[in-house]
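Asker: One file: model_26.tsv (TSV, C-alpha atoms).
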chain	number	residue	atom	x	y	z
A	821	PRO	CA	94.65	86.90	107.89
A	822	GLN	CA	93.90	85.21	111.22
A	823	ARG	CA	97.64	85.26	111.95
A	824	TRP	CA	97.82	89.01	111.50
A	825	VAL	CA	94.49	90.78	112.14
A	826	PRO	CA	93.91	91.70	115.82
A	827	THR	CA	90.58	90.61	117.29
A	828	LYS	CA	90.27	93.70	119.48
A	829	ILE	CA	89.51	97.13	117.96
A	830	GLY	CA	90.79	100.39	119.41
A	831	ALA	CA	93.53	100.80	122.00
A	832	ASP	CA	95.37	97.90	123.63
A	833	TYR	CA	94.81	95.64	120.61
A	834	ASP	CA	95.99	92.03	120.75
A	835	LEU	CA	98.97	90.65	118.84
A	836	GLY	CA	98.72	87.52	116.72
A	837	PRO	CA	101.69	85.38	115.63
A	838	GLU	CA	102.74	87.77	112.88
A	839	LEU	CA	102.31	90.95	114.95
A	840	LYS	CA	104.20	89.72	118.00
A	841	PHE	CA	107.41	91.39	116.80
A	842	ILE	CA	105.99	94.88	117.40
A	843	GLU	CA	105.04	94.19	121.03
A	844	PRO	CA	107.69	96.52	122.55
A	845	LEU	CA	106.54	99.30	120.19
A	846	LYS	CA	102.79	98.65	120.20
A	847	SER	CA	101.99	101.98	121.86
A	848	GLN	CA	103.64	103.77	118.93
A	849	ILE	CA	102.09	101.75	116.07
A	850	ASN	CA	98.62	101.91	114.56
A	851	VAL	CA	97.21	98.88	112.71
A	852	PHE	CA	94.64	99.29	109.93
A	853	THR	CA	92.59	96.29	108.79
A	854	GLY	CA	89.60	95.68	106.53
A	855	PHE	CA	90.38	98.49	104.09
A	856	LYS	CA	89.99	97.51	100.45
A	857	ALA	CA	91.23	98.36	96.96
A	858	LEU	CA	88.15	99.02	94.80
A	859	LEU	CA	88.57	98.07	91.15
A	860	ASP	CA	85.53	99.66	89.45
A	861	GLY	CA	85.31	96.77	87.01
A	862	LYS	CA	89.03	96.68	86.24
A	863	PRO	CA	90.98	93.42	86.63
A	864	ASN	CA	92.99	92.71	89.77
A	865	LEU	CA	96.53	92.96	88.40
A	866	PRO	CA	98.60	90.75	90.73
A	867	HIS	CA	101.11	92.70	92.83
A	868	ILE	CA	100.19	95.91	91.00
A	869	SER	CA	96.59	96.88	91.81
A	870	GLY	CA	97.02	96.66	95.57
A	871	MET	CA	100.26	98.63	95.54
A	872	GLN	CA	98.76	101.35	93.34
A	873	ALA	CA	95.63	101.62	95.48
A	874	VAL	CA	97.61	102.12	98.70
A	875	ARG	CA	100.26	104.45	97.27
A	876	ALA	CA	98.60	106.28	94.36
A	877	GLY	CA	94.90	106.10	95.14
A	878	GLY	CA	93.82	104.34	91.95
A	879	VAL	CA	94.32	101.18	89.92
A	880	ALA	CA	95.47	100.64	86.33
A	881	ALA	CA	93.13	99.25	83.70
A	882	SER	CA	95.78	96.90	82.31
A	883	MET	CA	99.48	96.09	82.42
A	884	GLY	CA	100.05	98.28	79.37
A	885	ASN	CA	98.04	101.20	80.74
A	886	PRO	CA	99.72	102.23	84.00
A	887	MET	CA	98.37	104.80	86.45
A	888	ASP	CA	99.88	108.14	85.48
A	889	ILE	CA	99.50	109.80	88.88
A	890	PRO	CA	102.05	110.41	91.65
A	891	THR	CA	102.48	108.23	94.71
A	892	ILE	CA	101.72	109.57	98.17
A	893	ASP	CA	105.39	110.09	99.10
A	894	VAL	CA	105.86	112.42	96.11
A	895	LEU	CA	102.77	114.44	97.07
A	896	VAL	CA	103.97	114.79	100.66
A	897	GLY	CA	107.46	115.63	99.41
A	898	ASP	CA	106.08	118.48	97.32
A	899	ALA	CA	104.51	119.90	100.48
A	900	VAL	CA	107.27	119.42	103.06
A	901	GLY	CA	110.39	118.12	101.30
A	902	THR	CA	111.68	121.19	99.50
A	903	ASP	CA	113.97	122.52	102.24
A	904	THR	CA	116.30	119.53	102.55
A	905	ARG	CA	119.27	118.41	100.51
A	906	PHE	CA	117.40	115.35	99.22
A	907	ARG	CA	113.77	115.64	98.18
A	908	SER	CA	113.49	111.94	99.05
A	909	LEU	CA	115.65	108.86	99.56
A	910	GLU	CA	114.72	105.46	98.14
A	911	MET	CA	116.29	102.20	99.38
A	912	ALA	CA	115.88	98.52	98.56
A	913	ALA	CA	117.32	95.96	100.96
A	914	THR	CA	117.13	93.43	98.11
A	915	GLY	CA	119.92	95.29	96.28
A	916	ASP	CA	117.87	95.94	93.13
A	917	PRO	CA	117.34	99.61	92.14
A	918	LYS	CA	114.14	98.62	90.28
A	919	HIS	CA	112.57	97.56	93.59
A	920	SER	CA	111.00	100.96	94.21
A	921	TYR	CA	107.33	101.93	94.33
A	922	SER	CA	107.81	105.68	94.23
A	923	TYR	CA	107.02	107.69	91.11
A	924	ARG	CA	105.80	111.09	89.98
A	925	SER	CA	104.23	109.66	86.82
A	926	ALA	CA	104.27	106.48	84.75
A	927	ASN	CA	107.61	107.64	83.33
A	928	GLY	CA	108.91	109.37	86.47
A	929	PHE	CA	110.17	106.40	88.49
A	930	ASN	CA	112.46	107.02	91.51
A	931	PRO	CA	115.11	104.25	91.52
A	932	ALA	CA	116.25	102.78	94.82
A	933	GLU	CA	119.73	102.66	96.32
A	934	GLY	CA	120.59	98.97	96.65
A	935	SER	CA	123.82	99.04	98.66
A	936	PRO	CA	124.23	100.23	102.27
A	937	LEU	CA	127.68	101.57	101.39
A	938	ALA	CA	126.37	103.46	98.35
A	939	LEU	CA	123.54	104.90	100.44
A	940	TYR	CA	125.95	106.07	103.14
A	941	THR	CA	128.35	107.58	100.59
A	942	ARG	CA	125.54	109.41	98.81
A	943	ILE	CA	124.37	111.02	102.05
A	944	PHE	CA	127.53	111.43	104.11
A	945	GLY	CA	130.16	111.57	101.35
A	946	PRO	CA	132.11	114.64	100.19
A	947	ASP	CA	129.01	116.81	99.64
A	948	PHE	CA	127.77	116.41	103.23
A	949	GLN	CA	127.89	119.56	105.37
A	950	ASP	CA	127.85	118.82	109.11
A	951	PRO	CA	125.05	120.99	110.53
A	952	ASN	CA	126.88	121.21	113.86
A	953	ALA	CA	130.26	122.28	112.43
A	954	ALA	CA	131.58	125.61	113.71
A	955	ASP	CA	132.57	126.92	110.27
A	956	PHE	CA	131.00	126.72	106.82
A	957	LYS	CA	132.57	127.11	103.38
A	958	PRO	CA	130.46	126.69	100.23
A	959	ASP	CA	131.79	124.01	97.91
A	960	PRO	CA	133.15	125.64	94.71
A	961	GLY	CA	131.95	122.62	92.72
A	962	VAL	CA	128.38	123.14	93.93
A	963	MET	CA	128.63	126.85	93.09
A	964	LEU	CA	129.63	125.99	89.51
A	965	ARG	CA	126.80	123.49	89.05
A	966	LYS	CA	124.29	126.02	90.39
A	967	SER	CA	125.67	128.66	88.00
A	968	VAL	CA	125.29	126.36	84.98
A	969	LEU	CA	121.66	125.53	85.79
A	970	THR	CA	120.83	129.19	86.39
A	971	GLY	CA	122.39	130.06	83.03
A	972	VAL	CA	119.98	127.85	81.07
A	973	ALA	CA	116.83	128.85	82.99
A	974	GLU	CA	115.70	131.46	80.44
A	975	GLN	CA	116.36	129.10	77.51
A	976	ARG	CA	114.27	126.49	79.28
A	977	GLU	CA	111.28	128.81	79.53
A	978	ASP	CA	111.58	129.88	75.89
A	979	PHE	CA	111.72	126.25	74.80
A	980	LEU	CA	108.55	125.33	76.71
A	981	LYS	CA	106.60	128.15	75.01
A	982	GLN	CA	107.14	126.47	71.62
A	983	LEU	CA	105.60	123.12	72.63
A	984	GLY	CA	102.09	121.74	72.43
A	985	GLN	CA	100.24	120.81	75.60
A	986	ALA	CA	101.15	117.09	75.57
A	987	ASP	CA	104.85	117.71	74.98
A	988	ARG	CA	104.82	120.56	77.45
A	989	THR	CA	103.45	118.24	80.14
A	990	ARG	CA	106.13	115.64	79.44
A	991	MET	CA	108.93	118.20	79.49
A	992	ASP	CA	107.57	119.81	82.62
A	993	GLU	CA	107.95	116.46	84.40
A	994	TYR	CA	111.61	116.47	83.40
A	995	PHE	CA	112.16	120.09	84.36
A	996	THR	CA	110.52	119.46	87.71
A	997	SER	CA	113.46	117.21	88.56
A	998	VAL	CA	115.82	119.94	87.29
A	999	ARG	CA	114.13	122.51	89.52
A	1000	GLN	CA	114.47	120.14	92.46
A	1001	LEU	CA	118.19	119.89	91.74
A	1002	GLU	CA	118.44	123.68	91.64
A	1003	GLN	CA	116.76	123.90	95.04
A	1004	GLN	CA	119.08	121.26	96.49
A	1005	LEU	CA	122.16	123.08	95.20
A	1006	GLU	CA	120.87	126.34	96.64
A	1007	LEU	CA	120.55	124.69	100.04
A	1008	GLN	CA	124.10	123.32	99.83
A	1009	LEU	CA	125.38	126.89	99.44
A	1010	GLN	CA	123.84	127.92	102.77
A	1011	LYS	CA	125.03	126.98	106.25
A	1012	PRO	CA	122.63	124.29	107.49
A	1013	PRO	CA	120.81	124.95	110.78
A	1014	PRO	CA	122.18	123.00	113.77
A	1015	ALA	CA	120.73	119.54	114.47
A	1016	GLU	CA	121.39	118.35	118.00
A	1017	ALA	CA	120.58	114.71	117.22
A	1018	CYS	CA	122.96	114.56	114.24
A	1019	HIS	CA	125.91	112.24	114.88
A	1020	VAL	CA	127.23	110.56	111.76
A	1021	GLY	CA	127.58	106.82	112.22
A	1022	VAL	CA	130.26	104.40	111.11
A	1023	LYS	CA	130.60	103.83	107.38
A	1024	PRO	CA	129.31	100.34	106.48
A	1025	GLY	CA	131.52	97.86	104.71
A	1026	ASP	CA	131.20	96.98	101.05
A	1027	GLY	CA	129.33	93.73	101.66
A	1028	PRO	CA	127.31	91.57	99.28
A	1029	VAL	CA	123.73	92.35	98.29
A	1030	GLY	CA	121.03	89.98	97.11
A	1031	THR	CA	117.67	88.42	97.93
A	1032	GLU	CA	118.83	85.67	100.30
A	1033	ILE	CA	116.93	86.44	103.50
A	1034	GLY	CA	120.02	86.76	105.71
A	1035	LEU	CA	121.58	89.32	103.36
A	1036	VAL	CA	118.34	91.27	103.11
A	1037	MET	CA	117.92	91.40	106.90
A	1038	ALA	CA	121.52	92.57	107.38
A	1039	ASN	CA	121.40	95.21	104.63
A	1040	HIS	CA	117.98	96.43	105.79
A	1041	LYS	CA	119.44	97.03	109.26
A	1042	LEU	CA	122.39	99.01	107.87
A	1043	MET	CA	120.13	101.07	105.63
A	1044	ALA	CA	117.72	101.78	108.49
A	1045	GLU	CA	120.60	103.07	110.64
A	1046	THR	CA	121.97	105.27	107.84
A	1047	LEU	CA	118.53	106.62	106.99
A	1048	ALA	CA	117.74	107.42	110.62
A	1049	MET	CA	120.88	109.53	110.86
A	1050	ALA	CA	120.09	111.21	107.54
A	1051	LEU	CA	116.74	112.24	109.05
A	1052	ALA	CA	118.37	113.39	112.28
A	1053	CYS	CA	120.88	115.44	110.25
A	1054	ASN	CA	118.05	117.06	108.23
A	1055	GLN	CA	119.25	115.63	104.92
A	1056	THR	CA	115.73	114.53	103.92
A	1057	LYS	CA	112.18	114.32	105.25
A	1058	ILE	CA	110.81	111.77	102.79
A	1059	PHE	CA	111.93	108.17	102.32
A	1060	ASN	CA	110.91	104.82	100.86
A	1061	MET	CA	112.32	101.56	102.16
A	1062	VAL	CA	111.61	98.29	100.35
A	1063	PHE	CA	112.25	95.17	102.41
A	1064	SER	CA	111.04	92.80	99.70
A	1065	ASP	CA	109.82	93.46	96.19
A	1066	SER	CA	106.11	93.10	95.60
A	1067	ALA	CA	106.19	89.68	93.88
A	1068	SER	CA	108.71	88.72	96.52
A	1069	THR	CA	112.00	87.21	95.34
A	1070	LEU	CA	113.22	86.62	98.89
A	1071	ARG	CA	114.68	83.14	99.36
A	1072	MET	CA	115.99	80.81	102.03
A	1073	PRO	CA	119.37	79.07	101.79
A	1074	GLY	CA	118.92	75.60	100.32
A	1075	GLU	CA	115.39	76.26	99.01
A	1076	GLN	CA	114.68	76.27	95.29
A	1077	MET	CA	111.41	78.22	95.52
A	1078	ILE	CA	111.40	81.95	96.26
A	1079	HIS	CA	108.87	83.45	98.66
A	1080	HIS	CA	106.45	84.41	95.86
A	1081	LEU	CA	106.25	80.87	94.51
A	1082	MET	CA	105.78	79.48	98.01
A	1083	THR	CA	102.70	81.64	98.54
A	1084	HIS	CA	101.08	79.90	95.55
A	1085	GLU	CA	102.56	76.40	95.54
A	1086	GLU	CA	103.20	75.48	99.16
A	1087	PRO	CA	100.26	73.43	100.50
A	1088	VAL	CA	98.35	74.74	103.50
A	1089	ASP	CA	99.35	72.62	106.49
A	1090	LYS	CA	96.20	70.81	107.62
A	1091	VAL	CA	97.16	70.99	111.29
A	1092	LEU	CA	98.53	74.55	111.36
A	1093	GLY	CA	95.98	75.98	108.95
A	1094	TYR	CA	98.52	78.08	107.02
A	1095	GLN	CA	101.61	77.80	104.79
A	1096	PRO	CA	104.55	77.59	107.21
A	1097	LYS	CA	107.38	78.39	104.79
A	1098	ALA	CA	105.53	81.34	103.27
A	1099	ALA	CA	104.65	82.52	106.78
A	1100	TYR	CA	108.36	82.47	107.67
A	1101	PHE	CA	108.96	85.31	105.22
A	1102	VAL	CA	106.02	87.29	106.58
A	1103	GLU	CA	107.51	86.97	110.05
A	1104	ARG	CA	110.90	88.19	108.80
A	1105	SER	CA	109.14	91.15	107.16
A	1106	MET	CA	107.44	91.99	110.44
A	1107	GLU	CA	110.70	91.58	112.31
A	1108	ALA	CA	112.33	94.02	109.88
A	1109	TRP	CA	109.47	96.50	110.31
A	1110	ALA	CA	109.92	96.36	114.10
A	1111	LEU	CA	113.66	96.90	113.73
A	1112	PHE	CA	113.08	99.88	111.44
A	1113	VAL	CA	110.70	101.54	113.90
A	1114	THR	CA	113.01	100.76	116.83
A	1115	THR	CA	115.91	102.40	115.00
A	1116	LEU	CA	113.96	105.66	114.68
A	1117	ALA	CA	112.79	105.43	118.29
A	1118	SER	CA	116.36	104.97	119.56
A	1119	ILE	CA	117.46	108.48	118.52
A	1120	LYS	CA	116.71	111.23	121.02
A	1121	GLU	CA	115.55	114.44	119.37
A	1122	GLY	CA	114.34	117.51	121.20
A	1123	ASP	CA	111.63	116.65	123.71
A	1124	GLY	CA	111.16	113.12	122.39
A	1125	THR	CA	112.58	110.77	119.79
A	1126	LEU	CA	113.07	110.87	116.06
A	1127	LEU	CA	110.11	108.48	115.75
A	1128	ASP	CA	107.88	110.89	117.69
A	1129	HIS	CA	108.56	113.49	115.02
A	1130	CYS	CA	108.02	111.10	112.08
A	1131	LEU	CA	105.03	109.48	110.43
A	1132	VAL	CA	105.91	106.20	108.73
A	1133	MET	CA	103.49	104.08	106.71
A	1134	GLY	CA	104.26	100.39	106.27
A	1135	HIS	CA	102.18	98.17	104.03
A	1136	SER	CA	101.82	95.07	101.88
A	1137	ASP	CA	99.94	94.91	98.58
A	1138	THR	CA	97.80	91.83	99.29
A	1139	GLU	CA	95.75	90.51	102.18
A	1140	TYR	CA	96.29	86.83	101.35
A	1141	ALA	CA	99.06	86.33	98.80
A	1142	ARG	CA	97.93	82.83	97.81
A	1143	ILE	CA	94.88	84.29	96.01
A	1144	HIS	CA	96.11	87.87	95.49
A	1145	SER	CA	93.31	89.20	97.70
A	1146	ILE	CA	93.17	93.00	97.93
A	1147	SER	CA	90.38	93.18	100.51
A	1148	GLY	CA	91.93	94.00	103.87
A	1149	ILE	CA	95.44	94.98	102.71
A	1150	PRO	CA	97.68	95.19	105.80
A	1151	VAL	CA	98.73	98.76	106.61
A	1152	MET	CA	100.42	100.18	109.68
A	1153	THR	CA	101.72	103.56	110.76
A	1154	ALA	CA	104.41	104.37	113.28
A	1155	GLY	CA	105.23	107.66	114.97
A	1156	LYS	CA	103.19	110.61	116.22
A	1157	ALA	CA	103.95	113.12	113.41
A	1158	GLY	CA	105.10	115.68	115.96
A	1159	GLY	CA	102.02	115.20	118.12
A	1160	ARG	CA	99.46	115.32	115.30
A	1161	ILE	CA	98.15	111.75	115.59
A	1162	LYS	CA	97.29	109.22	118.26
A	1163	THR	CA	99.10	105.87	118.30
A	1164	GLY	CA	98.60	102.39	119.69
A	1165	ILE	CA	95.22	101.94	117.97
A	1166	HIS	CA	93.70	99.20	115.81
A	1167	VAL	CA	91.28	100.61	113.22
A	1168	ASN	CA	89.04	98.09	111.46
A	1169	GLU	CA	86.86	99.30	108.56
A	1170	ILE	CA	85.54	96.37	106.54
A	1171	GLY	CA	85.15	97.26	102.87
A	1172	GLU	CA	86.11	100.92	103.22
A	1173	PRO	CA	88.47	102.23	100.49
A	1174	VAL	CA	92.12	101.94	101.44
A	1175	THR	CA	92.58	105.49	100.16
A	1176	ARG	CA	91.13	106.78	103.42
A	1177	ILE	CA	94.46	105.96	105.03
A	1178	GLY	CA	96.52	107.84	102.45
A	1179	PHE	CA	94.10	110.78	102.49
A	1180	THR	CA	94.38	111.05	106.27
A	1181	LEU	CA	98.16	110.86	106.29
A	1182	GLN	CA	98.50	113.51	103.59
A	1183	GLN	CA	96.32	115.92	105.55
A	1184	VAL	CA	98.32	115.23	108.70
A	1185	MET	CA	101.54	115.97	106.81
A	1186	GLY	CA	100.27	119.28	105.47
A	1187	VAL	CA	99.28	118.41	101.91
A	1188	PRO	CA	96.50	120.90	100.97
A	1189	ILE	CA	93.87	118.45	99.71
A	1190	GLU	CA	90.15	118.11	100.30
A	1191	LYS	CA	89.81	114.69	98.61
A	1192	TRP	CA	92.04	111.98	97.19
A	1193	GLY	CA	91.72	108.86	95.08
A	1194	ALA	CA	90.19	107.82	91.76
A	1195	GLY	CA	86.73	106.41	90.96
A	1196	SER	CA	85.05	104.61	93.85
A	1197	MET	CA	88.18	105.08	95.95
A	1198	GLN	CA	87.96	108.86	95.91
A	1199	THR	CA	87.41	109.97	99.50
A	1200	ASN	CA	87.20	113.06	101.66
A	1201	LYS	CA	86.70	111.07	104.86
A	1202	PRO	CA	89.69	111.00	107.23
A	1203	ILE	CA	90.20	108.32	109.85
A	1204	SER	CA	89.08	110.29	112.89
A	1205	GLU	CA	90.14	107.59	115.39
A	1206	ILE	CA	93.81	108.56	115.04
A	1207	LEU	CA	93.49	112.34	114.70
A	1208	ILE	CA	94.20	114.76	117.53
Could you rewrite the structure in this file as structure tokens?
Answerer:
Amino acid sequence: PQRWVPTKIGADYDLGPELKFIEPLKSQINVFTGFKALLDGKPNLPHISGMQAVRAGGVAASMGNPMDIPTIDVLVGDAVGTDTRFRSLEMAATGDPKHSYSYRSANGFNPAEGSPLALYTRIFGPDFQDPNAADFKPDPGVMLRKSVLTGVAEQREDFLKQLGQADRTRMDEYFTSVRQLEQQLELQLQKPPPAEACHVGVKPGDGPVGTEIGLVMANHKLMAETLAMALACNQTKIFNMVFSDSASTLRMPGEQMIHHLMTHEEPVDKVLGYQPKAAYFVERSMEAWALFVTTLASIKEGDGTLLDHCLVMGHSDTEYARIHSISGIPVMTAGKAGGRIKTGIHVNEIGEPVTRIGFTLQQVMGVPIEKWGAGSMQTNKPISEILI
């Protein structure tokens, strides 16, 4: 923690060895330290409890009893993500579609796109309608798909009436995704509003994917660039980018141990006071975070930049990976949310529930909630230091 946590609270916070990468962007990034995942007597499930606390506001009782509540991105998407072609976009620079931490329920997992080329093709392929094009012609294929879904709508409602409450809930989760598809198809049949910042970039090559750190850095950069243009072209408002999976499988060339094993098995250097090889991966993660934020800040949009009009949350799931500590989980935000939050601030709240961050961000993004979180982590207390 001493390599990451600033010593100064408030504006003009200092940058330790692992925060140095954000120096050019410090005025646009908030750092949150000291916030904690509260377990209420439940076990600390390694690489699960911390992630669930940050993203879903609660923690599971056991590996076989997952939290059946939506993650924060889904809640925000329900409030602001219904008028874009994609409700959300999920990406994993590791190349593995299972490396996603976005879900509507325990069974409603949102898989990640693992290839920069596949991500680009999905967004800017044949179904893409340039918002700045002079003419617009609805795609006959989209019209047919919309017609088919409309045709079964009444049957769907009749079917739900025959079910018990438990089955009805399960089917409603499925039909929610169907309704989202209907909305997306409806949007594709309308001429999109112009987007001045939309300029489709160069299609990436079909390169290799994997967890070797050089590949992950390169693919993360390509995905960040494609995503930024998807935002500028109003294709989505919600996204999830995974740089490394939670029990990190990132690896160096020539090393047998992956990052996760290093955090547990690499000795602490007696002179340095930390694990240098494990710290290398933390630094690459921070470098990737800085690149991601820079990519959004590089696109001019209206009276500012794309980043000015975004609110991005970046986080880990442990404070100190060697012991799976979930007290003081590192969280940052970038962007001003269209002028709704202050930036360039270090907020330190020792022992406060980490859900205060998610609660604040949801309110800023227009989610109509008065409280959020489960058990001792339920909160109605926003982080006033960053609110305008």
Asker: Could you give me, as CSV, every segment 870-977 of chain A residue with an atom at most 8 Å from segment 1022-1029 of chain A, plus its closest atom pair and distance in Å to one decimal, counting all atoms listed in the file, rows ordered by chain then number?
Answerer:
residue,atom,partner,partner_atom,distance
A:Ala913,CA,A:Val1029,CA,7.8
A:Thr914,CA,A:Val1029,CA,6.7
A:Gly915,CA,A:Val1029,CA,5.2
A:Gly934,CA,A:Val1029,CA,7.5
A:Ser935,CA,A:Val1029,CA,6.7
A:Pro936,CA,A:Pro1024,CA,6.6
A:Leu937,CA,A:Pro1024,CA,5.5
A:Tyr940,CA,A:Lys1023,CA,6.7
Asker: Could you please determine the separation between atom CA of Val1167 of chain A and atom CA of Gly830 of chain A in Å, to one decimal place?
Answerer: 6.2 Å
Asker: What's the 7 Å shell around Leu1127 of chain A, counting only C-alpha atoms, without same-chain residues fewer than 2 positions away, as a list in words?
Answerer: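 Once the adjacent positions are removed, what remains is Leu1116, Ala1117, Thr1125, His1129, Cys1130 and Gly1155 of chain A.
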Asker: Please identify all polymer residues within 6 Å of segment 834-837 of chain A, counting all atoms listed in the file, omitting same-chain residues fewer than 3 positions from it, and present them as a list of chain:residue names.
Answerer: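 The neighbour list is A:Arg823, A:Trp824, A:Pro826, A:Lys840.
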Asker: Please determine, counting all atoms listed in the file, which residue among A:Met883, A:Ala1044, A:Val1187, A:Ile889 has the shortest atom-to-atom distance to Leu1111 of chain A.
Answerer: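 Counting all atoms listed in the file, the residue closest to Leu1111 of chain A is A:Ala1044.
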Asker: Smallest atom-to-atom distance to Val894 of chain A: which of A:Ala1157, A:Ala986, A:Ala1099, A:Ala876, using all atoms listed in the file?
Answerer: A:Ala876
Asker: Mind completing segment 1065-1072 of chain A with all heavy atoms? Output as a PDB file, in the frame of the given file, please?
Answerer:
ATOM      1  N   ASP A1065     110.584  93.008  97.344  1.00  0.00           N
ATOM      2  CA  ASP A1065     109.820  93.460  96.190  1.00  0.00           C
ATOM      3  C   ASP A1065     108.419  92.865  96.244  1.00  0.00           C
ATOM      4  O   ASP A1065     108.161  91.892  96.951  1.00  0.00           O
ATOM      5  CB  ASP A1065     110.528  93.076  94.895  1.00  0.00           C
ATOM      6  CG  ASP A1065     110.967  91.618  94.858  1.00  0.00           C
ATOM      7  OD1 ASP A1065     111.492  91.145  95.872  1.00  0.00           O
ATOM      8  OD2 ASP A1065     110.777  90.959  93.825  1.00  0.00           O
ATOM      9  N   SER A1066     107.519  93.445  95.475  1.00  0.00           N
ATOM     10  CA  SER A1066     106.110  93.100  95.600  1.00  0.00           C
ATOM     11  C   SER A1066     105.841  91.623  95.302  1.00  0.00           C
ATOM     12  O   SER A1066     105.226  90.933  96.111  1.00  0.00           O
ATOM     13  CB  SER A1066     105.285  93.990  94.673  1.00  0.00           C
ATOM     14  OG  SER A1066     103.926  93.870  94.944  1.00  0.00           O
ATOM     15  N   ALA A1067     106.271  91.125  94.150  1.00  0.00           N
ATOM     16  CA  ALA A1067     106.190  89.680  93.880  1.00  0.00           C
ATOM     17  C   ALA A1067     107.485  89.075  94.443  1.00  0.00           C
ATOM     18  O   ALA A1067     108.434  88.780  93.736  1.00  0.00           O
ATOM     19  CB  ALA A1067     106.068  89.421  92.381  1.00  0.00           C
ATOM     20  N   SER A1068     107.491  88.886  95.724  1.00  0.00           N
ATOM     21  CA  SER A1068     108.710  88.720  96.520  1.00  0.00           C
ATOM     22  C   SER A1068     109.686  87.664  95.987  1.00  0.00           C
ATOM     23  O   SER A1068     109.336  86.499  95.816  1.00  0.00           O
ATOM     24  CB  SER A1068     108.325  88.365  97.953  1.00  0.00           C
ATOM     25  OG  SER A1068     109.481  88.105  98.720  1.00  0.00           O
ATOM     26  N   THR A1069     110.920  88.114  95.766  1.00  0.00           N
ATOM     27  CA  THR A1069     112.000  87.210  95.340  1.00  0.00           C
ATOM     28  C   THR A1069     112.880  86.787  96.511  1.00  0.00           C
ATOM     29  O   THR A1069     113.946  86.206  96.295  1.00  0.00           O
ATOM     30  CB  THR A1069     112.864  87.881  94.260  1.00  0.00           C
ATOM     31  OG1 THR A1069     113.314  89.164  94.727  1.00  0.00           O
ATOM     32  CG2 THR A1069     112.097  88.063  92.970  1.00  0.00           C
ATOM     33  N   LEU A1070     112.447  87.067  97.729  1.00  0.00           N
ATOM     34  CA  LEU A1070     113.220  86.620  98.890  1.00  0.00           C
ATOM     35  C   LEU A1070     113.332  85.097  98.883  1.00  0.00           C
ATOM     36  O   LEU A1070     112.418  84.393  98.469  1.00  0.00           O
ATOM     37  CB  LEU A1070     112.549  87.074 100.189  1.00  0.00           C
ATOM     38  CG  LEU A1070     112.420  88.579 100.409  1.00  0.00           C
ATOM     39  CD1 LEU A1070     111.809  88.855 101.773  1.00  0.00           C
ATOM     40  CD2 LEU A1070     113.754  89.277 100.270  1.00  0.00           C
ATOM     41  N   ARG A1071     114.455  84.586  99.391  1.00  0.00           N
ATOM     42  CA  ARG A1071     114.680  83.140  99.360  1.00  0.00           C
ATOM     43  C   ARG A1071     115.436  82.687 100.597  1.00  0.00           C
ATOM     44  O   ARG A1071     116.161  83.468 101.223  1.00  0.00           O
ATOM     45  CB  ARG A1071     115.440  82.735  98.095  1.00  0.00           C
ATOM     46  CG  ARG A1071     116.760  83.444  97.927  1.00  0.00           C
ATOM     47  CD  ARG A1071     117.408  83.175  96.574  1.00  0.00           C
ATOM     48  NE  ARG A1071     118.653  83.911  96.431  1.00  0.00           N
ATOM     49  CZ  ARG A1071     119.837  83.492  96.868  1.00  0.00           C
ATOM     50  NH1 ARG A1071     119.932  82.317  97.479  1.00  0.00           N
ATOM     51  NH2 ARG A1071     120.930  84.218  96.700  1.00  0.00           N
ATOM     52  N   MET A1072     115.258  81.434 100.936  1.00  0.00           N
ATOM     53  CA  MET A1072     115.990  80.810 102.030  1.00  0.00           C
ATOM     54  C   MET A1072     117.190  80.051 101.465  1.00  0.00           C
ATOM     55  O   MET A1072     117.123  79.540 100.344  1.00  0.00           O
ATOM     56  CB  MET A1072     115.128  79.783 102.761  1.00  0.00           C
ATOM     57  CG  MET A1072     113.896  80.274 103.430  1.00  0.00           C
ATOM     58  SD  MET A1072     113.092  78.828 104.244  1.00  0.00           S
ATOM     59  CE  MET A1072     111.443  79.454 104.436  1.00  0.00           C
TER      60      MET A1072
END
